[in-house]
Each structure stands twice: as C-alpha cells, then as structure tokens.
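Chemist: First the structure, which I've put down as structure tokens, then a few questions once you've had a look.
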Amino acid sequence: SSSRSAVIIIGAGVSGISAAKVLAENGIADLLILEASDRIGGRIRKESFGGVSVELGAGWIAGVGGKVSNPVWEIAAKFGLRTCFSDYSNARYNIYDRSGKIFPSGIAADSYKKAVDSAIQRLRELESDCVVDVPNGAELPSQVPQLIIVFLCLNAEKKVEPISTYVDFGEREFLVADERGYEYLLYKMAEDFLFTSEGRILDNRLKLNKVVRELQHSRNGVTVKTEDGFVYEANYVILSASIGVLQSDLICFRPPLPRWKTEAIEKCDVMVYTKIFLKFPYKFWPCGPDKEFFIYAHERRGYYTFWQHMENAYPDSNILVVTLTNGESKRVEAQSDAETLKEATGVLCDMFGPEIPTATDILVPRWWNNRFQRGSYSNYPIISDNQVVNDIKAPVGRIFFTGEHTSERFNGYVHGGYLAGIDTSKALLAEIRKYERENESKSFLL
Ligand code: FAD
C-alpha cells in the first residue's frame with residue numbers, strides 16, 4: 001500500500017514531537033509520524049517500579065535558575081510536573097571505601113578538588129574528550145582511590161569547557177518525580193496538534209511499531225519503507241533517530257549518504273548511561289537531603305560507583321538507584337539481572353555491612369542493546385569544532401535531520417532535543433517556502 005504525505009517524521013521522541021508541532025502550527029497538517037517502538041517518548045520513558053514511577057531515560061530537567069529560562073522547565077511548570085531539587089555537590093562528602101568507611105569530609109573535599117584539577121590537566125594534555133585512563137597517580141592524594149578519579153573525569157569534562165546548558169539556563173537541576181512521568185510533557189505537547197482522548201493519542205497520523213528500514217530519496221521526494229512491508233511517500237522526511245542508530249545499519253539510505261555526512265556521524269561518540277533501580281523492604285542507608293547521593297570507591301573503574309536514594313522524590317519508597325556508564329553499562333546489559341543484583345548487593349554490603357536485606361526487585365534498562373537507541377546520548381569530542389555537529393545536522397536532499405545530537409549547544413539533553421526539533425522544522429519550512437516561490441506552485445500541500 002502507498003500514500004503520500006507532505007512530511008514524514010521518523011521517531012516520536014521529544015525532537016520528533018516538537019518538530020511535528022511546529023509544522024502543524026505552520027499549516028502543514030498533512031504529516032505522518034512513524035515510530036519504531038510501541039510508544040512515544042523515546043529516551044523519555046517511565047516505568048512502574050516498586051510502587052512508584054521511575055524514569056529509565058531522562059530523569060532531570062537540567063539547567064534551571066539562570067538568566068534565560070529553560071524551555072523544558074517552562075513547559076513543566078505550565079503542566080504542573082512534580083519535580084525535586086537535586087544537589088549533587090554533597091556526593092563528595094559521602095564517599096565510601098570498600099570497608100564501609102566514609103572519607104573524612106575535609107580530605108574528601110580537598111582531594112576532590114585536586115582530583116578534578118588533575119583530571120582537567122590530563123584531559124588537556126591528551127586533547128581528549130573521553131573518560132581517560134587513570135591520571136598521573138603521583139599528583140594525587142593517596143586517600144582518594146583512583147576509581148573515584150576516573151569517575152571525576154566525567155565531571156571534569158564539563159569544566160574544561162563550560163557546558164552551555166548551565167551557562168545559558170543556570171546551574172540547578174530538578175529531578176522529575178511525577179507519577180505521570182517526564183513523558184507527560186510530550187503527551188501535552190502532542191495534544192496541541194494530534195487528536196487525543198483521555199490522555200491517549202488516537203490520531204492516525206501517528207503510527208507506532210513502524211520500524212523504518214529504508215529511505216530512498218531523489219529530487220522529487222522520499223520513499224520510506226518499513227520493516228512490516230509498508231511503503232510511504234513524502235515530499236520531505238525529518239529523521240530523528242539517535243546518533244547510535246545512525247551509526248548502525250538499521251536504516252539504509254538509497255543513494256547512500258555522502259561521505260561528509262557519514263564521516264561526521266562516525267566522529268560523534270555515543271555515551272551509554274544506565275540507571276539500575278533496586279527496591280528494598282526497608283531503608284538501611286543514611287537519609288536526609290545531604291545524603292541523597294553517595295559514591296562507592298572500588299579498584300575497578302566505574303564499578304557501581306554512583307548511588308542515589310529516592311527518599312527525596314518518593315518518601316518511603318525504599319528504592320536505590322545506581323548509575324553505570326559506558327563499559328560497565330555494556331557489561332551489565334549483557335548479563336542476567338540476577339547477576340547484576342548479586343554484584344550490587346555485594347557493593348551495598350561493603351558499604352553498609354552484611355546484615356542488609358536483599359532487594360525484592362531490580363530494574364536494568366538496556367539502552368545499548370535497544371536497536372532503536374544504541375546508546376543513551378551523543379557526546380561530541382571536546383576538540384571537535386562546530387563543523388561536525390553542523391554536518392550531522394545538515395539536510396541531504398529532502399532528508400532533514402533532527403534529535404538531541406543535532407543541537408549545537410544542548411546535545412545530550414531533553415531541551416536539546418526539544419529545541420533541535422523546532423530548529424529543524426523551521427529550516428524545512430524555509431526550504432518549502434523557497435520551493436513554492438521558485439515553482440510558483442500552490443500545489444505543494446496537495
Ligand atoms: P529519542 O528520544 O531517541 O527519539 C527518537 C525516536 O526515534 C525514538 O522513539 C526511537 O524509537 C525512534 N526510532 C529510532 N529509529 C527508528 C526507525 N528506524 N524507525 C522509526 N522510529 C525510529 N536528558 C536530560 O535533559 N536530563 C537527564 O537527566 C537525562 N538523562 C538521561 C538518562 C538516560 C539513561 C538517557 C538514555 C538519556 C538521558 N537524557 C537526559 C538525554 C535525553 O533523554 C535525550 O537527549 C532526549 O530524550 C533525546 O530525544 P530525541 O528526540 O533526540 O531522541
């Protein structure tokens with residue numbers, strides 16, 4: 001079967017939804033959204049766990065409290081999304097070693113600063129962006145296990161070049177703690193241009209479970225083929241698949257993408273970031289706002305390092321979250337949840353003693369192995385110039401690109417995806433207007 005639309009938007013994450021909304025607001029109602037999974041939201045995704053809603057993907061509205069207002073924060077305020085202020089800065093005072101001792105706060109804070117300075121220095125020397133090897137140990141106070149230092153490199157990265165999110169929108173971060181989930185914002189955005197009823201989208205311009213496998217493009221339009229054998233025709237396509245998906249072979253382009261495009265796509269790194277949720281029958285960890293985040297120091301790099309309790313967000317939920325990244329994320333994704341639970345329990349026993357209760361439930365998201373994601377978010381090498389992101393964003397014929405990875409200033413964030421969607425649609429609208437002028441044709445929308 002075949003039909004023709006003015007614009008097909010591939011992906012119903014925040015960028016796809018915001019792109020579609022801008023088109024609809026500008027008179028392009030003849031659009032079609034094809035989404036591979038069985039829901040909207042993409043990397044904004046809630047799940048019920050241990051009696052509350054937890055966010056498997058984006059959890060924070062980052063960049064709040066500055067001179068300019070974060071647009072996602074404004075939308076959240078408009079729709080009354082429940083959030084909690086997060087203060088990571090205390091984590092440095094809650095560093096446990098393997099025997100459960102907490103590093104004295106003075107030493108921990110001082111070492112933290114030294115470690116960060118040293119990590120920044122090291123990053124500069126290497127002209128590298130990634131989590132580097134353990135920095136020169138000689139410069140580091142012996143009290144701080146090198147493990148922590150590697151973890152700190154992640155944060156240090158942020159300080160080598162100021163992060164636009166914090167510069168523009170402010171330094172504060174708010175955890176989304178709403179039973180309706182972060183994704184509630186997307187439903188509210190969709191309501192403006194799609195037919196919905198009782199919180200459900202019933203508009204047939206949104207098609208779920210449509211995995212796009214081929215984009216055949218020419219001067220006249222784009223033919224989109226999906227895994228279930230359907231063929232859709234469009235004048236233009238907006239593609240919002242993640243950088244990890246673009247690096248994979250999920251979507252075949254005919255003709256193939258030009259070299260400048262594929263080379264740029266290869267240059268952008270994919271971060272994997274995993275939040276593992278653990279539910280307990282009762283609390284055995286210290287509570288209070290200044291204890292929300294704590295760090296476990298182990299010889300192995302990134303081994304169950306960063307912990308958070310959910311008592312601020314959901315009192316008495318008795319849930320802990322541990323964050324893994326990159327190599328550790330991939331390792332844990334490949335093993336059974338039972339094994340992961342065993343490892344996490346071992347770490348908690350080191351910190352809090354052998355008498356702690358076993359978790360009654362565990363949730364391990366698998367963003368790396370999800371073929372519609374292939375990672376958590378884009379990470380541009382610090383050294384790369386704007387050319388890389390501009391090439392990733394640049395249209396190829398009638399295919400326009402969007403998604404957090406196309407945001408020059410805010411890649412890796414929800415607001416990056418949101419603003420990228422708006423940007424891409426504006427660029428496409430300009431192109432359409434130009435085409436109409438040149439062809440003096442009013443038939444475009446037909
Ligand atoms: P996506 O949400 O990935 O949307 C793309 C959509 O395209 C998906 O729905 C996908 O299913 C679909 N798709 C892919 N391939 C195809 C295909 N072939 N055919 C059809 N459809 C396809 N950001 C923050 O601001 N704060 C945070 O705290 C935060 N934490 C994060 C934690 C994790 C674990 C992760 C994974 C991300 C986090 N982020 C955070 C980043 C944020 O979630 C993303 O930047 C943002 O949601 C990306 O939106 P997007 O529209 O660009 O992509």
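Here's how to read the names in the structure tokens: chain A, B, ... by the order shown, residue numbers from 1 in each chain, ligand numbers from 1 in the order shown.
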Hey, what's within 7 Å of A:Ala91 if we count only C-alpha atoms and toss same-chain stuff fewer than 3 positions away? As a PyMOL selection string, please?
Modeler: chain A and resi 88+94-95+293-295
Chemist: Using DSSP on the backbone coordinates, identify the residues of stretch 316-408 of chain A assigned to strand (DSSP E or B); present them as a list of chain:residue names.
Modeler: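 Strand (DSSP E or B) members of stretch 316-408 of chain A, listed: A:Ile319, A:Leu320, A:Val321, A:Val322, A:Thr323, A:Leu324, A:Thr325, A:Asp361, A:Ile362, A:Leu363, A:Tyr377, A:Ser378, A:Asn379, A:Val396, A:Ile399, A:Phe400, A:Phe401.
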Chemist: Could you write those residues out with N, CA and C atoms, as a short mmCIF file (atom, residue, chain, number, x, y, z; two decimals), in the first residue's frame?
Modeler:
data_model
loop_
_atom_site.label_atom_id
_atom_site.label_comp_id
_atom_site.auth_asym_id
_atom_site.auth_seq_id
_atom_site.Cartn_x
_atom_site.Cartn_y
_atom_site.Cartn_z
N ILE A 319 13.75 2.82 47.59
CA ILE A 319 14.40 2.50 46.31
C ILE A 319 15.78 3.17 46.24
N LEU A 320 16.76 2.40 45.79
CA LEU A 320 18.08 2.96 45.49
C LEU A 320 18.31 2.90 43.99
N VAL A 321 19.07 3.86 43.50
CA VAL A 321 19.44 3.88 42.08
C VAL A 321 20.96 3.90 42.00
N VAL A 322 21.51 3.03 41.19
CA VAL A 322 22.96 3.11 40.95
C VAL A 322 23.18 3.34 39.47
N THR A 323 24.15 4.22 39.17
CA THR A 323 24.39 4.61 37.78
C THR A 323 25.69 4.01 37.27
N LEU A 324 25.60 3.39 36.12
CA LEU A 324 26.78 2.86 35.45
C LEU A 324 26.92 3.57 34.12
N THR A 325 28.15 3.59 33.60
CA THR A 325 28.34 4.22 32.28
C THR A 325 29.19 3.33 31.38
N ASP A 361 13.32 -6.39 44.25
CA ASP A 361 13.09 -6.20 42.81
C ASP A 361 14.25 -5.40 42.22
N ILE A 362 14.52 -5.65 40.95
CA ILE A 362 15.58 -4.91 40.26
C ILE A 362 15.11 -4.57 38.85
N LEU A 363 15.53 -3.39 38.37
CA LEU A 363 15.17 -2.98 37.00
C LEU A 363 16.44 -2.48 36.31
N TYR A 377 23.13 8.90 24.90
CA TYR A 377 23.14 10.23 24.28
C TYR A 377 24.47 10.52 23.61
N SER A 378 24.46 11.55 22.77
CA SER A 378 25.64 11.90 21.99
C SER A 378 26.64 12.65 22.86
N ASN A 379 27.89 12.50 22.50
CA ASN A 379 28.95 13.20 23.22
C ASN A 379 29.98 13.64 22.20
N VAL A 396 20.28 16.25 3.69
CA VAL A 396 20.79 15.61 2.48
C VAL A 396 19.60 15.53 1.54
N ILE A 399 15.99 14.90 2.86
CA ILE A 399 16.00 14.32 4.21
C ILE A 399 16.62 15.34 5.17
N PHE A 400 15.82 15.73 6.17
CA PHE A 400 16.29 16.66 7.20
C PHE A 400 16.58 15.87 8.47
N PHE A 401 17.58 16.33 9.22
CA PHE A 401 17.98 15.60 10.42
C PHE A 401 17.66 16.41 11.67
#
Chemist: Give the residues close to ligand 1, within 7 Å, counting only C-alpha atoms and all ligand atoms; write them as a PyMOL selection string.
Modeler: chain A and resi 10-16+34-37+40-44+56-62+210-213+240-242+245+250-251+273-275+367+372-373+375-377+402-405+411-417
Chemist: Counting only C-alpha atoms, what is within 8 Å of stretch 330-344 of chain A, bar same-chain residues fewer than 4 positions away, as a short mmCIF file (atom, residue, chain, number, x, y, z; two decimals) with N, CA and C atoms, in the first residue's frame?
Modeler:
data_model
loop_
_atom_site.label_atom_id
_atom_site.label_comp_id
_atom_site.auth_asym_id
_atom_site.auth_seq_id
_atom_site.Cartn_x
_atom_site.Cartn_y
_atom_site.Cartn_z
N VAL A 272 26.90 5.63 26.93
CA VAL A 272 25.90 4.75 27.50
C VAL A 272 25.80 5.08 28.99
N TYR A 304 29.89 0.21 40.05
CA TYR A 304 28.79 0.62 40.96
C TYR A 304 29.19 1.83 41.78
N ASN A 326 29.08 3.61 30.11
CA ASN A 326 29.90 3.03 29.04
C ASN A 326 30.24 1.54 29.24
N LEU A 348 26.74 -3.02 48.22
CA LEU A 348 25.99 -2.44 49.34
C LEU A 348 26.46 -3.05 50.66
N ALA A 359 17.45 -7.03 47.97
CA ALA A 359 16.46 -6.28 47.21
C ALA A 359 15.35 -7.24 46.78
N ILE A 362 14.52 -5.65 40.95
CA ILE A 362 15.58 -4.91 40.26
C ILE A 362 15.11 -4.57 38.85
N LEU A 363 15.53 -3.39 38.37
CA LEU A 363 15.17 -2.98 37.00
C LEU A 363 16.44 -2.48 36.31
N VAL A 364 16.79 -3.13 35.21
CA VAL A 364 18.01 -2.79 34.48
C VAL A 364 17.66 -2.38 33.04
N PRO A 365 17.63 -1.08 32.76
CA PRO A 365 17.34 -0.66 31.38
C PRO A 365 18.50 -1.07 30.46
N ARG A 366 18.18 -1.32 29.21
CA ARG A 366 19.23 -1.72 28.26
C ARG A 366 19.23 -0.81 27.04
N TRP A 368 21.83 0.35 25.38
CA TRP A 368 22.84 -0.01 24.39
C TRP A 368 22.31 -1.09 23.45
N ASN A 369 21.64 -2.08 24.00
CA ASN A 369 21.16 -3.17 23.16
C ASN A 369 19.82 -2.92 22.50
#
Chemist: Which residues are near A:Gly221? Cut-off 8 Å, only C-alpha atoms, ignore same chain within fewer than 5 positions. Put them as a PyMOL selection string.
Modeler: chain A and resi 233-236+398
Chemist: Find the distance between atom CA of A:Gly199 and atom CA of A:Pro71 and write it in Å to one decimal.
Modeler: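 Between atom CA of A:Gly199 and atom CA of A:Pro71 the gap is 22.3 Å.
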Chemist: Taking the DSSP assignment computed from this structure's backbone, write out as JSON, numbers by chain all residues of stretch 341-430 of chain A that belong to helix (DSSP H, G or I).
Modeler: {"A": [341, 342, 343, 344, 345, 346, 347, 348, 349, 350, 351, 352, 386, 387, 388, 389, 390, 391, 392, 393, 404, 405, 406, 414, 415, 416, 417, 418, 419, 420, 421, 422, 423, 424, 425, 426, 427, 428, 429, 430]}
Chemist: Which is closer to A:Pro315 than all the others in A:Val222, A:Ile382, A:Leu239, A:Cys84, using only C-alpha atoms?
Modeler: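 Smallest distance to A:Pro315 is found for A:Cys84.
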Chemist: Fewer than 2 positions away in the same chain doesn't count, so skip those; otherwise give me all residues within 10 Å of A:Asn390, counting only C-alpha atoms, as a PyMOL selection string.
Modeler: chain A and resi 261+264+385-388+392-395+406-408
Chemist: Restrict the selected residues to N, CA and C atoms and save them as a CSV table (one decimal), in the first residue's frame.
Modeler:
chain,number,residue,atom,x,y,z
A,261,LYS,N,28.9,13.3,5.3
A,261,LYS,CA,27.8,13.0,6.3
A,261,LYS,C,28.2,11.8,7.2
A,264,ALA,N,31.1,12.6,9.6
A,264,ALA,CA,30.7,13.4,10.7
A,264,ALA,C,29.9,12.5,11.7
A,385,ASP,N,35.2,20.8,16.3
A,385,ASP,CA,34.7,22.1,16.1
A,385,ASP,C,33.2,22.0,15.8
A,386,ASN,N,32.6,23.1,15.5
A,386,ASN,CA,31.1,23.1,15.2
A,386,ASN,C,30.9,22.4,13.9
A,387,GLN,N,31.9,22.2,13.1
A,387,GLN,CA,31.7,21.6,11.7
A,387,GLN,C,31.1,20.2,11.9
A,388,VAL,N,31.5,19.5,12.8
A,388,VAL,CA,31.0,18.1,13.0
A,388,VAL,C,29.5,18.1,13.2
A,392,ILE,N,26.3,16.9,10.8
A,392,ILE,CA,25.4,15.9,11.3
A,392,ILE,C,23.9,16.5,11.1
A,393,LYS,N,23.8,17.8,11.3
A,393,LYS,CA,22.5,18.4,11.2
A,393,LYS,C,22.1,18.7,9.8
A,394,ALA,N,23.0,18.9,8.9
A,394,ALA,CA,22.7,19.4,7.5
A,394,ALA,C,21.8,18.4,6.8
A,395,PRO,N,20.8,18.9,6.1
A,395,PRO,CA,20.0,18.0,5.3
A,395,PRO,C,20.8,17.4,4.1
A,406,THR,N,21.8,16.9,17.1
A,406,THR,CA,21.9,17.9,16.1
A,406,THR,C,21.9,19.3,16.8
A,407,SER,N,21.8,19.3,18.1
A,407,SER,CA,21.8,20.6,18.8
A,407,SER,C,23.2,21.0,19.1
A,408,GLU,N,23.6,22.2,18.6
A,408,GLU,CA,25.0,22.6,18.8
A,408,GLU,C,25.3,23.0,20.2
Chemist: May I ask which of the residues A:Ala297, A:Ile102, A:Leu208, A:Ile356 is the closest one to A:Thr226, counting only C-alpha atoms?
Modeler: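 Under the stated criterion, the closest residue is A:Leu208.
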Chemist: For each of A:Asp290, A:Glu179, A:Asp423, A:Glu171, take the minimum atom-to-atom distance to A:Ile238, counting only C-alpha atoms, then give the residue where this is smallest.
Modeler: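 Among A:Asp290, A:Glu179, A:Asp423, A:Glu171, it is A:Asp423 that comes nearest to A:Ile238.
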Chemist: Go through A:Lys283, A:Asp87, A:Pro255, A:Val176 one by one, measure the shortest atom-to-atom distance of each to A:Asp316 using only C-alpha atoms, and give the residue with the smallest value.
Modeler: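 Nearest to A:Asp316: A:Lys283.
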Chemist: Residues within 12 Å of A:Val22, please, as a PyMOL selection string. Count only C-alpha atoms; anything in the same chain fewer than 6 positions from it doesn't count.
Modeler: chain A and resi 9+15-16+28-29+31+189-190+192-193+418-429
